[in-house]
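For reference, structure-v7.cif is printed below; it contains mmCIF, C-alpha atoms.
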```
data_my_file
#
loop_
_atom_site.label_atom_id
_atom_site.label_comp_id
_atom_site.auth_asym_id
_atom_site.auth_seq_id
_atom_site.Cartn_x
_atom_site.Cartn_y
_atom_site.Cartn_z
CA MET A 1 0.00 0.00 0.00
CA ASN A 2 1.39 3.37 -1.01
CA PRO A 3 1.43 6.32 1.41
CA GLN A 4 -1.95 8.08 1.58
CA ALA A 5 -2.64 11.74 2.25
CA HIS A 6 -5.65 12.80 4.29
CA LYS A 7 -6.85 16.32 4.91
CA VAL A 8 -7.79 17.09 8.51
CA ALA A 9 -8.71 20.30 10.29
CA GLY A 10 -8.29 21.89 13.69
CA VAL A 11 -10.73 24.59 14.77
CA ASP A 12 -10.75 27.09 17.62
CA GLY A 13 -12.98 30.02 18.45
CA CYS A 14 -11.54 33.50 18.03
CA LYS A 15 -12.66 37.12 18.02
CA GLY A 16 -13.50 36.97 14.32
CA GLY A 17 -15.46 33.73 14.63
CA TRP A 18 -13.47 30.53 14.12
CA VAL A 19 -9.86 29.96 13.09
CA VAL A 20 -9.55 26.88 10.87
CA ALA A 21 -6.20 25.11 10.36
CA LEU A 22 -6.27 22.81 7.32
CA VAL A 23 -3.54 20.19 7.47
CA SER A 24 -2.34 17.47 5.12
CA ALA A 25 -1.54 14.25 7.00
CA THR A 26 0.38 11.58 5.09
CA VAL A 27 0.03 8.03 6.34
CA GLU A 28 2.98 5.72 5.71
CA GLU A 29 2.65 2.12 4.52
CA THR A 30 3.17 1.08 8.14
CA GLY A 31 0.07 3.05 9.18
CA ALA A 32 2.09 5.72 11.01
CA LEU A 33 1.96 9.43 10.33
CA ARG A 34 4.75 10.94 8.27
CA TYR A 35 6.31 13.90 10.03
CA PRO A 36 6.41 16.83 9.76
CA LEU A 37 2.80 17.64 8.96
CA ALA A 38 2.03 20.30 6.37
CA VAL A 39 -0.20 23.27 7.16
CA GLU A 40 -2.11 23.86 3.92
CA ASP A 41 -4.07 26.90 4.98
CA ILE A 42 -5.33 28.86 7.98
CA ARG A 43 -8.38 31.06 7.61
CA ILE A 44 -11.04 32.77 9.67
CA SER A 45 -14.67 31.68 9.28
CA PRO A 46 -17.40 33.90 10.76
CA HIS A 47 -19.87 31.11 11.66
CA PHE A 48 -19.62 27.40 12.37
CA ALA A 49 -21.77 26.71 9.31
CA ASP A 50 -18.94 28.23 7.25
CA VAL A 51 -16.45 25.97 9.06
CA LEU A 52 -18.43 22.90 8.01
CA LEU A 53 -18.52 24.10 4.41
CA ARG A 54 -14.81 24.86 4.37
CA THR A 55 -13.92 21.44 5.80
CA TYR A 56 -16.34 19.33 3.76
CA ASP A 57 -13.48 17.28 2.27
CA CYS A 58 -11.65 16.70 5.57
CA LYS A 59 -11.55 13.18 6.96
CA LEU A 60 -11.77 14.54 10.51
CA VAL A 61 -12.40 17.95 12.07
CA CYS A 62 -11.44 18.54 15.70
CA VAL A 63 -12.93 21.52 17.52
CA ASP A 64 -12.06 23.20 20.80
CA ILE A 65 -15.66 23.69 21.93
CA PRO A 66 -18.01 21.61 24.11
CA ILE A 67 -20.03 19.13 22.04
CA GLY A 68 -22.85 17.53 23.97
CA LEU A 69 -24.28 19.33 27.00
CA SER A 70 -25.65 18.26 30.34
CA ASP A 71 -29.28 19.05 31.16
CA GLY A 72 -28.95 18.94 34.93
CA PRO A 73 -26.69 18.95 37.98
CA GLU A 74 -24.34 16.15 36.92
CA PRO A 75 -21.18 17.56 35.27
CA ARG A 76 -19.90 16.11 32.02
CA ALA A 77 -17.66 13.16 32.84
CA CYS A 78 -15.22 14.21 30.09
CA ASP A 79 -14.54 17.53 31.82
CA THR A 80 -13.97 15.81 35.16
CA ALA A 81 -11.56 13.34 33.51
CA ALA A 82 -9.69 16.13 31.72
CA ARG A 83 -9.19 18.07 34.96
CA LYS A 84 -7.86 14.95 36.68
CA LEU A 85 -5.44 14.35 33.81
CA LEU A 86 -4.19 17.95 33.70
CA GLY A 87 -3.46 18.42 37.38
CA ARG A 88 -1.96 21.91 37.74
CA ARG A 89 -3.58 22.93 34.44
CA ALA A 90 -7.03 21.71 35.54
CA SER A 91 -8.39 25.26 35.72
CA SER A 92 -8.13 25.48 31.93
CA VAL A 93 -11.12 23.12 31.71
CA PHE A 94 -14.16 25.27 32.38
CA THR A 95 -17.68 24.02 33.04
CA PRO A 96 -19.94 24.37 29.98
CA PRO A 97 -23.46 25.72 30.43
CA VAL A 98 -26.31 23.26 30.75
CA ARG A 99 -28.32 23.08 27.54
CA PRO A 100 -31.31 25.12 28.84
CA CYS A 101 -28.92 28.10 29.16
CA LEU A 102 -28.64 28.30 25.37
CA SER A 103 -32.01 30.05 25.23
CA ALA A 104 -30.75 32.92 27.43
CA ARG A 105 -29.57 36.18 25.88
CA SER A 106 -28.13 37.84 28.98
CA TYR A 107 -25.58 36.72 31.53
CA SER A 108 -28.02 37.19 34.44
CA ASP A 109 -30.64 34.99 32.77
CA ALA A 110 -28.11 32.31 31.86
CA ALA A 111 -26.64 32.31 35.38
CA GLU A 112 -30.10 31.96 36.91
CA ILE A 113 -31.01 29.03 34.64
CA HIS A 114 -27.70 27.38 35.40
CA ARG A 115 -28.16 27.87 39.13
CA LYS A 116 -31.60 26.24 39.02
CA ARG A 117 -30.50 23.33 36.82
CA ALA A 118 -26.94 22.70 38.00
CA GLY A 119 -27.06 24.02 41.55
CA LYS A 120 -24.37 26.63 40.98
CA GLY A 121 -23.72 29.79 39.00
CA LEU A 122 -22.29 30.11 35.51
CA SER A 123 -18.85 31.59 34.89
CA LYS A 124 -18.61 34.60 32.62
CA GLN A 125 -16.05 32.68 30.55
CA SER A 126 -18.73 30.10 29.76
CA PHE A 127 -21.26 32.79 28.92
CA PHE A 128 -18.88 34.64 26.60
CA ILE A 129 -18.47 31.59 24.36
CA MET A 130 -22.11 30.50 24.62
CA ASP A 131 -22.93 31.83 21.16
CA LYS A 132 -20.24 29.55 19.70
CA ILE A 133 -21.52 26.60 21.74
CA ARG A 134 -25.00 27.38 20.40
CA GLN A 135 -23.76 27.47 16.81
CA VAL A 136 -22.23 24.01 17.15
CA ASP A 137 -25.14 22.55 19.10
CA GLU A 138 -27.68 23.71 16.51
CA LEU A 139 -25.78 22.09 13.64
CA LEU A 140 -24.31 18.86 14.98
CA THR A 141 -26.10 15.53 15.03
CA PRO A 142 -24.92 12.21 16.49
CA ALA A 143 -24.15 10.99 12.96
CA MET A 144 -21.91 14.01 12.32
CA GLN A 145 -19.75 13.12 15.32
CA THR A 146 -17.98 10.54 13.20
CA ARG A 147 -16.33 13.51 11.45
CA VAL A 148 -16.57 16.46 13.88
CA ARG A 149 -15.24 15.85 17.37
CA GLU A 150 -14.42 17.80 20.52
CA ILE A 151 -10.87 18.25 21.79
CA HIS A 152 -9.23 20.29 24.51
CA PRO A 153 -5.86 21.88 23.55
CA GLU A 154 -4.32 21.42 27.00
CA VAL A 155 -5.14 17.70 26.91
CA THR A 156 -3.53 17.45 23.47
CA LEU A 157 -0.44 19.40 24.52
CA CYS A 158 -0.10 17.28 27.64
CA ALA A 159 0.14 14.22 25.38
CA LEU A 160 2.60 15.99 23.10
CA ASN A 161 4.67 16.85 26.18
CA GLY A 162 5.09 13.21 27.21
CA ASN A 163 1.89 13.11 29.24
CA ARG A 164 3.08 16.01 31.39
CA PRO A 165 0.83 19.07 31.84
CA LEU A 166 2.39 22.27 30.57
CA GLY A 167 3.94 24.60 33.09
CA HIS A 168 2.57 27.99 32.06
CA ASN A 169 -0.68 29.68 31.10
CA LYS A 170 -1.01 30.08 27.35
CA ARG A 171 -1.69 33.81 27.63
CA ILE A 172 1.73 34.71 28.98
CA LEU A 173 4.94 34.80 26.94
CA ALA A 174 6.48 31.77 28.65
CA GLY A 175 3.34 29.76 27.97
CA ARG A 176 3.20 30.82 24.34
CA ASN A 177 6.86 29.89 23.82
CA GLU A 178 6.28 26.55 25.53
CA ARG A 179 3.46 25.73 23.13
CA ILE A 180 5.31 26.97 20.05
CA ALA A 181 8.29 24.76 20.90
CA LEU A 182 6.07 21.68 21.15
CA LEU A 183 3.98 22.33 18.05
CA ALA A 184 6.96 23.35 15.90
CA GLY A 185 8.14 19.75 16.19
CA ILE A 186 4.94 18.72 14.39
CA PHE A 187 4.41 21.78 12.19
CA PRO A 188 7.73 23.49 11.32
CA ALA A 189 5.73 26.40 9.88
CA THR A 190 4.22 27.25 13.29
CA VAL A 191 6.14 30.50 13.85
CA GLY A 192 5.58 31.69 10.28
CA VAL A 193 1.87 30.94 10.52
CA ILE A 194 1.55 32.97 13.71
CA GLU A 195 3.47 35.88 12.21
CA GLY A 196 1.34 35.83 9.06
CA VAL A 197 -2.18 35.09 10.25
CA GLY A 198 -1.64 36.58 13.69
CA LYS A 199 -1.40 40.08 12.23
CA ALA A 200 -5.16 40.01 11.77
CA ARG A 201 -6.95 41.69 14.65
CA GLU A 202 -9.66 39.03 14.78
CA VAL A 203 -7.37 36.16 15.85
CA GLY A 204 -4.70 35.77 18.53
CA ALA A 205 -1.55 33.67 18.60
CA ASP A 206 -3.08 31.43 21.27
CA ASP A 207 -6.08 30.77 18.99
CA ILE A 208 -3.77 29.66 16.17
CA LEU A 209 -1.78 27.41 18.48
CA ASP A 210 -4.96 25.80 19.80
CA ALA A 211 -6.19 25.20 16.23
CA LEU A 212 -2.89 23.52 15.34
CA ALA A 213 -3.12 21.36 18.47
CA ALA A 214 -6.62 20.35 17.38
CA ALA A 215 -5.34 19.50 13.88
CA TRP A 216 -2.63 17.24 15.32
CA THR A 217 -5.26 15.45 17.40
CA ALA A 218 -7.29 14.89 14.22
CA ALA A 219 -4.24 13.52 12.39
CA GLN A 220 -3.48 11.14 15.25
CA ALA A 221 -7.08 9.95 15.36
CA VAL A 222 -7.10 9.25 11.61
CA VAL A 223 -4.36 6.64 12.11
CA GLY A 224 -6.00 5.17 15.21
CA GLN A 225 -3.68 6.88 17.69
CA ALA A 226 -6.30 8.53 19.89
CA ALA A 227 -8.70 7.67 22.69
CA THR A 228 -11.55 9.42 24.46
CA LEU A 229 -12.11 10.90 27.89
CA PRO A 230 -13.91 9.06 29.37
CA GLU A 231 -13.36 5.69 27.69
CA HIS A 232 -17.10 5.05 27.55
CA PRO A 233 -18.75 8.46 27.04
CA GLU A 234 -22.34 9.22 27.92
CA ARG A 235 -24.80 10.78 25.50
CA ASP A 236 -26.72 13.97 26.13
CA GLY A 237 -30.41 14.69 25.50
CA LYS A 238 -29.78 15.10 21.76
CA GLY A 239 -27.87 11.85 21.55
CA LEU A 240 -24.48 13.58 21.22
CA ARG A 241 -21.51 11.87 22.84
CA MET A 242 -20.00 13.95 25.65
CA GLU A 243 -16.32 13.15 25.13
CA ILE A 244 -12.92 14.75 24.64
CA LEU A 245 -10.66 13.18 22.03
CA THR A 246 -7.11 12.77 23.28
CA PRO A 247 -4.13 11.78 21.10
CA ALA A 248 -1.60 9.12 21.97
CA PRO A 249 1.77 10.61 22.95
CA ARG A 250 4.10 11.01 20.00
CA PRO A 251 6.93 8.43 20.10
#
```

Mind turning this structure into structure tokens?
Amino acid sequence: MNPQAHKVAGVDGCKGGWVVALVSATVEETGALRYPLAVEDIRISPHFADVLLRTYDCKLVCVDIPIGLSDGPEPRACDTAARKLLGRRASSVFTPPVRPCLSARSYSDAAEIHRKRAGKGLSKQSFFIMDKIRQVDELLTPAMQTRVREIHPEVTLCALNGNRPLGHNKRILAGRNERIALLAGIFPATVGVIEGVGKAREVGADDILDALAAAWTAAQAVVGQAATLPEHPERDGKGLRMEILTPAPRP
């Protein structure tokens, strides 16, 4: 069998909507990925519907956004498992809103719904990305989860770092450099991509790095080198699996 090339995508929310990293992943005759991976394109899409159109020919699309939402007080098991895995970086895993919150249009309304359903308030961080969660939730079906799956960048980077959580927050210089050093081993064009795309006001360097981390997760999953948190995910009221895809550590 000759080497095969698959297109995959990594997606992260950003100020301008969604940053989409399109990556070509070549699979060797042995079934392993050929490194380095090639970044074909990085663009900004204003709505998740545009993301789906732009990635129609991708074998797998990995997205840094909650897919599948709880309806009540029980937290998503995937978030609990991710926090346990990340240790000192556990705070990077925030609690998504319960699905009834998606009908709210103000923070006070959403927080009140969340308090009644989940027994506690809703963080402003969760509320600020609720429109993006809503976009994904309105479009995804259980059948689509064979091609569009949830990841968490810190979980991916932990795997890339030899199953060790990263030492710094991504929003400080030390954290950015830590992530660039790891991802440049997969995507040699990482620094150039940040310098080029990052000049746009609607996307930050951390958004680009998270999208690249998502793309690597997708590439690993395509060759069967990924698992889920938890191993046996539950389904939400829409039938969506509540899971976080996690790549196997790179040899």

*Which of these residues is nearest to Val223 (chain A), using only C-alpha atoms: A:Ser106, A:Gln4, A:Gln135, A:Ser126?*
A:Gln4

*Can you work out the spacing between CA of Pro247 (chain A) and CA of Gln225 (chain A) in Å, to one decimal?*
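Atom-to-atom, CA of Pro247 (chain A) and CA of Gln225 (chain A) are spaced 6.0 Å apart.
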
*Pairwise distance for CA of Thr141 (chain A) and CA of Ala215 (chain A), rounded to one decimal in Å*: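 Spanning CA of Thr141 (chain A) to CA of Ala215 (chain A) is a straight-line distance of 21.2 Å.
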
*Looking at A:Glu154, A:Glu138, A:Asp210, A:Glu40, which one is nearest to Val93 (chain A), with distances taken over all atoms listed in the file?*
A:Glu154

*Using the chain letters and numbering of this document, enumerate as a count of residues only the residues selected by the PyMOL selection byres ((chain A and resi 246) around 10).*
28

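Each of A:Ile133, A:Val191, A:Val222, A:Ala184 was checked against Ile65 (chain A) using all atoms listed in the file; the smallest atom-to-atom distance is that of A:Ile133.
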